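Reproduced below: upload_24.txt, with compact mmCIF, C-alpha atoms.
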```txt
# COMPACT_ATOMS: atom_id res chain seq x y z
CA MET C 2 0.00 0.00 0.00
CA ALA C 3 1.26 3.49 -0.77
CA SER C 4 3.09 5.29 1.99
CA LEU C 5 0.96 8.26 0.99
CA LEU C 6 -1.95 6.67 2.88
CA LYS C 7 -0.08 7.11 6.15
CA ASN C 8 -0.22 10.87 5.75
CA SER C 9 -1.84 12.88 8.48
CA ILE C 10 -4.30 14.48 6.05
CA LEU C 11 -6.10 12.90 3.10
CA LEU C 12 -8.76 14.01 0.63
CA GLY C 13 -11.59 11.73 -0.37
CA GLN C 14 -15.22 11.35 -1.31
CA VAL C 15 -17.90 10.08 1.04
CA ILE C 16 -19.40 6.79 -0.15
CA PRO C 17 -22.64 5.12 0.95
CA SER C 18 -22.36 3.11 4.14
CA THR C 19 -24.56 1.72 6.85
CA LEU C 20 -22.47 3.18 9.68
CA LYS C 21 -24.38 5.24 12.16
CA ASN C 22 -21.82 7.49 13.77
CA ALA C 23 -19.15 7.50 11.13
CA VAL C 24 -18.60 8.07 7.44
CA LYS C 25 -16.83 5.94 4.87
CA VAL C 26 -14.43 7.97 2.77
CA GLN C 27 -12.89 6.75 -0.46
CA VAL C 28 -9.42 8.17 -1.04
CA PRO C 29 -7.96 8.01 -4.57
CA TYR C 30 -4.22 7.78 -5.02
CA PHE C 31 -1.80 6.98 -7.83
CA VAL C 32 0.53 4.01 -7.92
CA PHE C 33 3.57 4.00 -10.19
CA ASP C 34 4.03 0.96 -12.40
CA ASP C 35 7.78 0.60 -12.74
CA ARG C 36 7.76 -1.23 -16.05
CA LEU C 37 5.21 0.94 -17.84
CA LYS C 38 6.51 4.10 -16.12
CA ALA C 39 2.99 5.36 -15.69
CA TYR C 40 0.62 6.09 -12.85
CA PHE C 41 -2.54 4.11 -12.27
CA LYS C 42 -5.35 5.16 -9.97
CA LYS C 43 -6.24 3.11 -6.93
CA THR C 44 -8.66 3.86 -4.14
CA GLU C 45 -8.63 3.08 -0.44
CA ASP C 46 -11.59 3.33 1.93
CA PHE C 47 -11.30 4.82 5.37
CA VAL C 48 -13.83 5.08 8.17
CA ALA C 49 -13.86 8.58 9.60
CA GLU C 50 -15.81 9.98 12.51
CA ASP C 51 -18.01 12.87 11.56
CA LEU C 52 -18.37 15.12 14.58
CA SER C 53 -20.67 17.68 12.98
CA LYS C 54 -22.80 14.94 11.39
CA SER C 55 -23.20 17.11 8.32
CA CYS C 56 -21.44 14.97 5.72
CA LYS C 57 -23.57 13.13 3.19
CA THR C 58 -22.78 10.68 0.40
CA GLY C 59 -20.87 12.29 -2.42
CA ASP C 60 -19.31 15.13 -0.43
CA VAL C 61 -15.60 15.67 -0.92
CA VAL C 62 -13.92 15.90 2.49
CA VAL C 63 -10.51 16.29 4.05
CA ILE C 64 -9.87 13.75 6.79
CA HIS C 65 -7.28 13.88 9.54
CA LYS C 66 -5.60 10.86 11.03
CA LEU C 67 -6.64 10.28 14.64
CA GLU C 68 -3.83 10.04 17.16
CA HIS C 69 -5.80 8.00 19.69
CA LYS C 70 -8.35 5.60 18.32
CA VAL C 71 -11.45 5.09 20.44
CA LYS C 72 -12.71 2.33 18.15
CA LYS C 73 -10.39 0.10 16.16
CA GLU C 74 -12.14 0.76 12.83
CA ILE C 75 -12.46 4.54 13.07
CA THR C 76 -8.98 5.66 12.06
CA HIS C 77 -9.66 9.20 10.85
CA SER C 78 -11.88 12.15 11.56
CA VAL C 79 -13.53 14.47 9.07
CA PHE C 80 -11.91 17.85 9.26
CA GLU C 81 -13.39 19.88 6.44
CA ARG C 82 -16.00 19.45 3.78
CA VAL C 83 -14.44 20.80 0.59
CA TYR C 84 -17.37 20.33 -1.79
CA LYS C 85 -20.94 19.65 -0.78
CA PHE C 86 -22.53 17.20 -3.17
CA GLY C 87 -24.97 18.98 -5.44
CA ASP C 88 -24.29 22.48 -4.12
CA ILE C 89 -20.71 23.07 -5.18
CA LYS C 90 -19.36 26.54 -4.44
CA ASP C 91 -16.63 27.88 -6.70
CA PRO C 92 -13.90 28.86 -4.20
CA ILE C 93 -12.69 31.74 -6.35
CA SER C 94 -15.97 33.60 -6.65
CA GLY C 95 -17.88 31.96 -3.81
CA LYS C 96 -20.96 31.43 -5.97
CA THR C 97 -22.87 28.19 -6.38
CA VAL C 98 -21.99 26.40 -9.56
CA VAL C 99 -23.42 23.72 -11.81
CA SER C 100 -20.59 22.10 -13.84
CA ASN C 101 -19.28 24.95 -15.99
CA GLN C 102 -21.99 27.52 -15.32
CA TYR C 103 -22.89 29.69 -12.38
CA ARG C 104 -26.42 29.15 -11.06
CA GLU C 105 -26.92 32.88 -11.40
CA THR C 106 -26.21 32.71 -15.15
CA LEU C 107 -28.64 29.85 -15.59
CA ASP C 108 -31.34 31.74 -13.73
CA GLU C 109 -30.60 34.84 -15.80
CA ILE C 110 -30.94 32.85 -19.04
CA ASP C 111 -34.24 31.42 -17.84
CA ARG C 112 -35.48 34.89 -16.97
CA LEU C 113 -34.44 36.32 -20.34
CA TYR C 114 -36.26 33.55 -22.15
CA GLY C 115 -39.30 34.51 -20.17
CA ALA C 116 -39.70 31.73 -17.62
CA THR C 117 -42.78 32.51 -15.57
CA HIS C 118 -41.57 30.47 -12.64
CA LYS C 119 -38.16 28.93 -12.05
CA ASN C 120 -37.60 25.22 -12.40
CA PHE C 121 -36.55 24.65 -8.84
CA ASP C 122 -36.03 27.40 -6.33
CA TYR C 123 -32.75 26.49 -4.64
CA GLU C 124 -32.90 29.35 -2.18
CA SER C 125 -36.24 28.54 -0.67
CA ALA C 126 -35.90 24.76 -0.89
CA PRO C 127 -34.98 22.84 2.27
CA GLU C 128 -31.55 21.24 2.72
CA ARG C 129 -30.74 18.16 0.69
CA GLY C 130 -31.27 14.88 2.43
CA ARG C 131 -34.92 15.36 3.15
CA LEU C 132 -35.95 12.45 0.98
CA GLU C 133 -33.35 9.97 2.20
CA GLY C 134 -35.03 6.64 2.61
CA THR C 135 -38.21 7.66 0.82
CA LYS C 136 -37.07 8.70 -2.65
CA ASP C 137 -33.29 9.08 -2.34
CA PHE C 138 -31.47 5.78 -1.86
CA THR C 139 -27.87 6.92 -2.22
CA ASP C 140 -27.08 7.25 1.49
CA LYS C 141 -26.74 3.49 2.08
CA PRO C 142 -25.19 0.87 -0.20
CA ILE C 143 -27.61 -0.97 -2.42
CA TYR C 144 -27.60 -4.70 -3.03
CA ARG C 145 -29.38 -7.27 -5.12
CA LYS C 146 -32.22 -9.08 -3.45
CA TRP C 147 -33.12 -12.66 -4.15
CA HIS C 148 -36.06 -13.21 -1.82
CA GLU C 149 -39.19 -11.25 -1.07
CA PHE C 150 -39.61 -10.65 2.60
CA GLU C 151 -42.73 -9.21 4.22
CA LYS C 152 -41.01 -5.93 4.96
CA ASP C 153 -39.67 -4.65 1.65
CA ASP C 154 -36.26 -2.96 1.95
CA PRO C 155 -35.99 -0.16 -0.65
CA TYR C 156 -32.18 -0.54 -0.75
CA GLY C 157 -32.51 -3.99 -2.26
CA ILE C 158 -32.92 -4.12 -6.02
CA ASN C 159 -34.84 -6.87 -7.70
CA ASN C 160 -33.00 -9.34 -9.86
CA LEU S 13 14.04 20.00 -22.03
CA LEU S 14 11.03 18.67 -23.88
CA ASP S 15 12.43 19.95 -27.15
CA SER S 16 15.81 18.36 -26.62
CA LEU S 17 14.27 15.01 -25.67
CA LEU S 18 12.04 15.08 -28.74
CA GLN S 19 15.09 15.84 -30.90
CA GLU S 20 16.90 12.87 -29.40
CA ILE S 21 14.00 10.60 -30.19
CA HIS S 22 13.80 11.89 -33.73
CA ARG S 23 17.48 11.15 -34.26
CA ARG S 24 17.19 7.69 -32.72
CA LYS S 25 14.16 6.81 -34.85
CA ARG S 26 16.29 6.28 -37.90
CA ARG S 27 18.51 3.75 -36.22
CA ARG S 28 16.39 1.58 -33.94
CA LYS S 29 12.73 1.14 -33.08
CA MET S 30 11.45 2.78 -29.94
CA SER S 31 9.61 -0.24 -28.68
CA PHE S 32 6.95 -0.17 -25.99
CA MET S 33 6.49 3.57 -26.30
CA LYS S 34 2.84 3.19 -27.13
CA GLY S 35 0.03 5.58 -26.41
CA ILE S 36 -0.43 9.30 -26.72
CA SER S 37 2.79 11.23 -26.14
CA PRO S 38 4.71 8.31 -24.65
CA ILE S 39 7.62 10.60 -23.87
CA ARG S 40 5.75 11.30 -20.66
CA ARG S 41 6.55 7.73 -19.72
CA THR S 42 10.33 8.04 -19.72
CA THR S 43 12.35 8.34 -16.52
CA ASN S 44 14.31 11.20 -18.00
CA TYR S 45 11.14 13.17 -18.58
CA LEU S 46 9.65 12.33 -15.20
CA ASN S 47 12.78 13.51 -13.44
CA ALA S 48 12.87 16.75 -15.39
CA SER S 49 10.29 18.59 -13.30
CA PRO S 50 11.61 21.50 -11.22
CA LEU S 51 8.70 21.18 -8.81
CA VAL S 52 9.55 19.43 -5.56
CA LEU S 53 6.85 20.48 -3.12
CA LYS S 54 7.74 21.73 0.33
CA ARG S 55 7.19 19.24 3.08
CA ARG S 56 4.15 21.07 4.42
CA VAL S 57 2.12 20.36 1.27
CA LYS S 58 0.24 17.08 1.61
CA ILE S 59 -2.53 17.25 -0.98
CA LEU S 60 -2.57 18.90 -4.40
CA THR S 61 -5.90 19.26 -6.15
CA VAL S 62 -6.40 20.36 -9.75
CA ASN S 63 -9.84 21.49 -10.90
CA PHE S 64 -10.35 21.88 -14.65
CA ASN S 65 -12.81 21.21 -17.45
CA GLU S 66 -12.25 18.79 -20.28
CA ASN S 67 -14.23 20.60 -22.95
CA GLU S 68 -11.87 21.67 -25.77
CA GLU S 69 -13.90 24.80 -26.38
CA GLU S 70 -13.10 26.24 -22.96
CA GLU S 71 -9.81 27.90 -23.85
CA HIS S 72 -9.21 29.30 -20.37
CA HIS S 73 -8.89 25.75 -19.09
CA LYS S 74 -6.29 24.78 -21.68
CA GLY S 75 -3.34 25.59 -19.46
CA ALA S 76 -4.74 23.53 -16.63
CA ARG S 77 -5.50 20.66 -19.00
CA ASP S 78 -1.95 20.75 -20.38
CA PHE S 79 -0.61 20.89 -16.84
CA VAL S 80 -2.51 17.72 -15.96
CA PHE S 81 -1.53 15.97 -19.19
CA TRP S 82 2.16 16.90 -19.32
CA ASN S 83 3.27 17.91 -15.86
CA LEU S 84 1.19 16.06 -13.29
CA PRO S 85 3.01 12.72 -13.69
CA GLN S 86 6.29 14.60 -13.25
CA VAL S 87 5.06 16.25 -10.07
CA GLN S 88 3.81 12.94 -8.66
CA TYR S 89 7.13 11.27 -9.54
CA LYS S 90 9.11 13.86 -7.66
CA ASN S 91 6.63 13.93 -4.76
CA PRO S 92 5.51 10.35 -4.13
CA ASN S 93 4.07 11.21 -0.73
CA VAL S 94 1.73 13.94 -1.89
CA GLN S 95 -1.83 12.97 -2.72
CA ILE S 96 -2.69 14.39 -6.13
CA VAL S 97 -6.37 14.53 -7.09
CA THR S 98 -8.02 15.89 -10.23
CA PHE S 99 -11.58 17.17 -10.41
CA ARG S 100 -13.10 17.46 -13.87
CA ASN S 101 -16.03 19.63 -14.94
CA LEU S 102 -16.96 20.84 -11.48
CA THR S 103 -16.60 24.62 -11.75
CA PRO S 104 -16.48 27.18 -14.56
CA SER S 105 -12.98 28.36 -13.70
CA PRO S 106 -9.83 26.24 -13.32
CA PHE S 107 -7.82 26.33 -10.11
CA ILE S 108 -5.25 24.40 -8.11
CA THR S 109 -5.50 23.90 -4.33
CA CYS S 110 -2.69 22.89 -2.02
CA PHE S 111 -3.64 21.52 1.38
CA LEU S 112 -0.94 22.03 3.99
CA GLU S 113 -0.05 20.14 7.16
CA ASP S 114 -1.29 22.96 9.37
CA ASN S 115 -4.83 22.67 7.96
CA SER S 116 -4.61 25.69 5.70
CA LYS S 117 -5.26 25.88 1.97
CA ILE S 118 -3.48 27.72 -0.80
CA LEU S 119 -5.63 28.49 -3.82
CA PHE S 120 -4.12 29.18 -7.25
CA ASP S 121 -6.47 30.67 -9.82
CA VAL S 122 -5.01 29.40 -13.11
CA ASP S 123 -7.61 30.82 -15.47
CA SER S 124 -6.05 31.38 -18.94
CA GLN S 125 -2.52 30.60 -17.77
CA SER S 126 -0.29 28.31 -19.80
CA ASN S 127 1.03 25.16 -18.18
CA LYS S 128 4.53 26.63 -18.06
CA GLU S 129 3.24 29.67 -16.18
CA ILE S 130 1.38 27.42 -13.76
CA MET S 131 4.50 25.33 -13.17
CA ASP S 132 6.70 28.38 -12.58
CA ARG S 133 4.15 29.82 -10.20
CA LEU S 134 3.92 26.62 -8.20
CA VAL S 135 7.69 26.31 -7.98
CA LYS S 136 7.93 29.89 -6.76
CA THR S 137 5.27 29.55 -4.07
CA VAL S 138 5.20 25.97 -2.83
CA GLY S 139 8.29 24.43 -4.39
CA LYS S 140 11.69 23.89 -2.84
CA SER S 141 14.24 26.32 -4.19
CA LYS S 142 16.99 25.19 -6.57
CA GLU S 143 19.74 25.70 -3.99
CA LEU S 144 17.89 23.62 -1.42
CA LEU S 145 17.39 20.85 -3.98
CA GLU S 146 21.09 20.87 -4.90
CA GLU S 147 22.05 20.66 -1.23
CA GLU S 148 19.69 17.76 -0.71
CA ALA S 149 21.06 16.01 -3.80
CA LEU S 150 24.60 16.30 -2.46
CA ALA S 151 23.57 15.08 0.97
CA SER S 152 21.77 12.05 -0.44
CA GLU S 153 24.71 11.20 -2.70
CA ALA S 154 27.08 11.04 0.25
CA LYS S 155 24.69 8.78 2.14
CA SER S 156 24.07 6.30 -0.61
CA ASN S 157 27.63 5.84 -1.89
CA PRO S 158 29.03 2.57 -0.50
CA ALA S 159 32.54 3.60 -1.47
CA ASN S 160 32.67 6.10 1.40
CA PHE S 161 34.42 5.33 4.66
CA CYS S 162 33.78 6.12 8.29
CA ARG S 163 31.82 3.76 10.54
CA ARG S 164 30.87 6.65 12.77
CA LEU S 165 28.87 8.22 9.94
CA GLY S 166 27.15 4.98 9.10
CA PHE S 167 29.24 3.53 6.31
CA ASP S 168 30.43 -0.05 6.35
CA ARG S 169 34.17 0.33 6.52
CA HIS S 170 36.32 2.50 8.74
CA CYS S 171 39.39 2.60 6.53
CA ILE S 172 40.77 1.06 3.36
CA CYS S 173 43.35 -0.78 5.44
CA GLU S 174 40.71 -3.34 6.43
CA MET S 175 40.32 -4.57 2.82
CA PRO S 176 42.48 -7.62 1.94
CA GLY S 177 45.30 -6.76 -0.45
CA GLN S 178 45.72 -3.21 0.83
CA VAL S 179 48.55 -1.77 2.83
CA PRO S 180 48.09 -2.63 6.54
CA CYS S 181 47.01 0.12 8.91
CA PRO S 182 49.91 2.38 9.94
CA ILE S 183 48.83 1.84 13.59
CA MET S 184 50.05 -1.74 13.29
CA VAL S 185 52.82 -1.61 10.72
CA PRO S 186 54.67 1.70 10.08
CA VAL S 187 54.61 2.83 6.50
CA PRO S 188 58.03 3.05 4.70
CA LYS S 189 59.42 6.54 5.21
CA HIS S 190 59.80 7.34 1.55
CA TRP S 191 56.06 6.83 1.04
CA ARG S 192 55.15 9.47 3.56
CA GLY S 193 54.27 12.90 2.21
CA LYS S 194 55.88 14.47 5.27
CA TRP S 195 59.25 12.91 4.48
CA TRP S 196 58.95 13.77 0.83
CA ASN S 197 58.04 17.39 1.36
CA GLN S 198 60.51 18.05 4.12
CA GLY S 199 63.30 17.45 1.61
CA HIS S 200 64.59 14.12 2.93
CA ARG S 201 64.46 12.74 -0.60
CA TYR S 202 67.40 14.92 -1.51
CA GLU S 203 69.49 13.64 1.41
CA GLU S 204 72.33 11.31 0.79
CA GLU S 205 71.74 8.00 2.49
```
Go ahead and render the structure in this file as structure tokens.
Amino acid sequence: MASLLKNSILLGQVIPSTLKNAVKVQVPYFVFDDRLKAYFKKTEDFVAEDLSKSCKTGDVVVIHKLEHKVKKEITHSVFERVYKFGDIKDPISGKTVVSNQYRETLDEIDRLYGATHKNFDYESAPERGRLEGTKDFTDKPIYRKWHEFEKDDPYGINN
Amino acid sequence: LLDSLLQEIHRRKRRRKMSFMKGISPIRRTTNYLNASPLVLKRRVKILTVNFNENEEEEHHKGARDFVFWNLPQVQYKNPNVQIVTFRNLTPSPFITCFLEDNSKILFDVDSQSNKEIMDRLVKTVGKSKELLEEEALASEAKSNPANFCRRLGFDRHCICEMPGQVPCPIMVPVPKHWRGKWWNQGHRYEEE
């Protein structure tokens, strides 16, 4: 395993997990193939404790290595959320962004074309995560189900 | 450096085949090229993040794209303990972020800058200076050379006298006078025996 993973700070993306008090973070790193003289991407998962409980699946976070581990599995702790999934803020201008456009520009375009009401009002809408479990099934890992139980688990997908 | 390496390859092409150099711009996959980067990050920098867009039409991202294509493998080669991450098509403007040990961030706005400019800027702000690199190179050379002596400093042998076939240590067997520089320089060689 790369010695890079023993660093005190790492950057990764939160992946779906069933952990209650912690967050699984996937850290990408590059490994050098000596014969091909090229770098290939590998990922390593870490379990990090999330003290503010604000990190959701898909967020890009910076995690710090814990000096004293309370639990054997929880090796890191989330320090900073760099990008919130879905509501990415461009650090240079500070404005919310959708891929290569500012949300402001998109709204402006809509307005100029004469939209009577906006598609989705981001400002007045509640925080993301409201529909977790009811419509949004990205917070926990999904699996294939092979038997129909009485209580249907929405995270299981039919064959 | 890139130009000179390309010239070398062009010259070699006539004589022998450059086997295994497959793919786009395989010069990036030579040790010579990988070692040619002037950017060795300071120890405080632990994570380097590059944000850019892949769309060819976005000209202001071209420098960042070139940086990732040409220079990122070089940077990773010289800094194997720095986590390098790329983010594609996230924001309208390209930028590079360096995360430091003391939890601070350095943000480089690289909008419309060429990859050479980006490289120079990084070397100036977060890279080790040339003098420091030369010093370190010298220091590492001394450490790794097995031909050096001095057990106290960590090398294997204390003196050449311990190798079989060499002159025994002058502590044990005195060296013939006429071999000694002291005798030679003090003029004893001109004395009549």
Original post:
Which chain S residues are at most 6 Å from chain C (counting all atoms listed in the file), as a ChimeraX atom specification?
Top reply: /S:41,93,101-104
Print the selection's residues with C-alpha atoms to a file, as a JSON list (two decimals), keeping the file's coordinate frame.
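Everything below was put into again-v2.json:
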```
[["chain", "number", "residue", "atom", "x", "y", "z"],
["S", 41, "ARG", "CA", 6.55, 7.73, -19.72],
["S", 93, "ASN", "CA", 4.07, 11.21, -0.73],
["S", 101, "ASN", "CA", -16.03, 19.63, -14.94],
["S", 102, "LEU", "CA", -16.96, 20.84, -11.48],
["S", 103, "THR", "CA", -16.60, 24.62, -11.75],
["S", 104, "PRO", "CA", -16.48, 27.18, -14.56]]
```
**OP:** Considering all atoms listed in the file, return as a VMD selection string whatever protein or nucleic-acid residues lie within 12 Å of S:Asn65, sequence-local ones (same chain, fewer than 3 positions apart) excluded.
**Re:** (chain C and resid 100 to 102) or (chain S and resid 62 68 to 78 80 98 to 107 123)
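Nearest to C:Arg131 of all the residues C:Arg82, C:Lys57, C:His148, C:Lys72 is C:Lys57, based on all atoms listed in the file.
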**OP:** Just give me the gap between atom CA of C:Val83 and atom CA of C:Asp60 in Å, one decimal is fine.
**Re:** 7.5 Å
Subject >> Selected residue, from S:Lys117, S:Lys155, S:Lys54, S:Lys194, that lies nearest to S:Phe167 when counting all atoms listed in the file >> reply: S:Lys155
Original post:
For C:Tyr123, which residue among C:Lys66, C:Lys43, C:Arg104, C:Lys25 is the nearest when counting all atoms listed in the file?
Top reply: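 Once distances to C:Tyr123 are computed over all atoms listed in the file, the minimum belongs to C:Arg104.
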Can you pull out every residue within 9 Å of C:Val26, counting all atoms listed in the file, but drop anything in the same chain fewer than 3 positions away, and send it as a compact mmCIF listing (two decimals) with C-alpha atoms, in the frame of the given file?
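part_30.txt, freshly written:
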```txt
# COMPACT_ATOMS: atom_id res chain seq x y z
CA LEU C 12 -8.76 14.01 0.63
CA GLY C 13 -11.59 11.73 -0.37
CA GLN C 14 -15.22 11.35 -1.31
CA VAL C 15 -17.90 10.08 1.04
CA ILE C 16 -19.40 6.79 -0.15
CA PRO C 17 -22.64 5.12 0.95
CA GLU C 45 -8.63 3.08 -0.44
CA ASP C 46 -11.59 3.33 1.93
CA PHE C 47 -11.30 4.82 5.37
CA VAL C 48 -13.83 5.08 8.17
CA ALA C 49 -13.86 8.58 9.60
CA VAL C 61 -15.60 15.67 -0.92
CA VAL C 62 -13.92 15.90 2.49
CA ILE C 64 -9.87 13.75 6.79
```
Subject >> Nearest-residue call for S:Val135, choices S:Phe32, S:Thr61, S:Glu174, S:Pro50, using all atoms listed in the file >> reply: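 Of S:Phe32, S:Thr61, S:Glu174, S:Pro50, the one nearest S:Val135 is S:Pro50, counting all atoms listed in the file.
Straight-line separation from atom CA of C:Gln27 to atom CA of C:Thr58: 10.7 Å.
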Applying 7 Å and all atoms listed in the file, which residues near S:Leu60 remain after dropping the ones on its own chain fewer than 4 positions away? List them as a PDB file with C-alpha atoms, keeping the file's coordinate frame.
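Result file is part-v7.pdb:
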```pdb
ATOM      1  CA  GLN S  95      -1.830  12.970  -2.720  1.00  0.00           C
ATOM      2  CA  ILE S  96      -2.690  14.390  -6.130  1.00  0.00           C
ATOM      3  CA  VAL S  97      -6.370  14.530  -7.090  1.00  0.00           C
ATOM      4  CA  THR S 109      -5.500  23.900  -4.330  1.00  0.00           C
ATOM      5  CA  CYS S 110      -2.690  22.890  -2.020  1.00  0.00           C
ATOM      6  CA  PHE S 111      -3.640  21.520   1.380  1.00  0.00           C
TER       7      PHE S 111
END
```
Original post:
So which residues touch C:Asn22 within 12 Å, counting only C-alpha atoms, skipping near sequence neighbours fewer than 4 positions away, as an NGL selection string?
Top reply: :C and (18 or 48-56 or 72 or 74-75 or 78-79)
**OP:** Go ahead and compute the interatomic distance for atom CA of S:Glu143 and atom CA of S:Arg55, in Å to one decimal.
**Re:**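 These atoms are spaced 15.8 Å apart.
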**OP:** Rank S:Leu134, S:Met33, S:Cys173, S:Ala151 by their smallest atom-to-atom distance to S:Ser49, using only C-alpha atoms, and report the top residue only.
**Re:**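 Checking each candidate against S:Ser49, we get S:Leu134 as the closest.
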At a cut-off of 12 Å from (-36.5, -0.2, -7.2) in the coordinates of the file, what residues are picked up using all atoms listed in the file, written as a JSON list (two decimals) with C-alpha atoms, keeping the file's coordinate frame?
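Generated output (selection-v5.json):
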```json
[["chain", "number", "residue", "atom", "x", "y", "z"],
["C", 135, "THR", "CA", -38.21, 7.66, 0.82],
["C", 136, "LYS", "CA", -37.07, 8.70, -2.65],
["C", 137, "ASP", "CA", -33.29, 9.08, -2.34],
["C", 138, "PHE", "CA", -31.47, 5.78, -1.86],
["C", 143, "ILE", "CA", -27.61, -0.97, -2.42],
["C", 144, "TYR", "CA", -27.60, -4.70, -3.03],
["C", 145, "ARG", "CA", -29.38, -7.27, -5.12],
["C", 146, "LYS", "CA", -32.22, -9.08, -3.45],
["C", 153, "ASP", "CA", -39.67, -4.65, 1.65],
["C", 154, "ASP", "CA", -36.26, -2.96, 1.95],
["C", 155, "PRO", "CA", -35.99, -0.16, -0.65],
["C", 156, "TYR", "CA", -32.18, -0.54, -0.75],
["C", 157, "GLY", "CA", -32.51, -3.99, -2.26],
["C", 158, "ILE", "CA", -32.92, -4.12, -6.02],
["C", 159, "ASN", "CA", -34.84, -6.87, -7.70],
["C", 160, "ASN", "CA", -33.00, -9.34, -9.86]]
```
Original post:
Got a sec: who's within 8 Å of C:Leu67, counting all atoms listed in the file, leaving out chain neighbours fewer than 3 positions off, as number ranges by chain?
Top reply: C: 70, 76-78
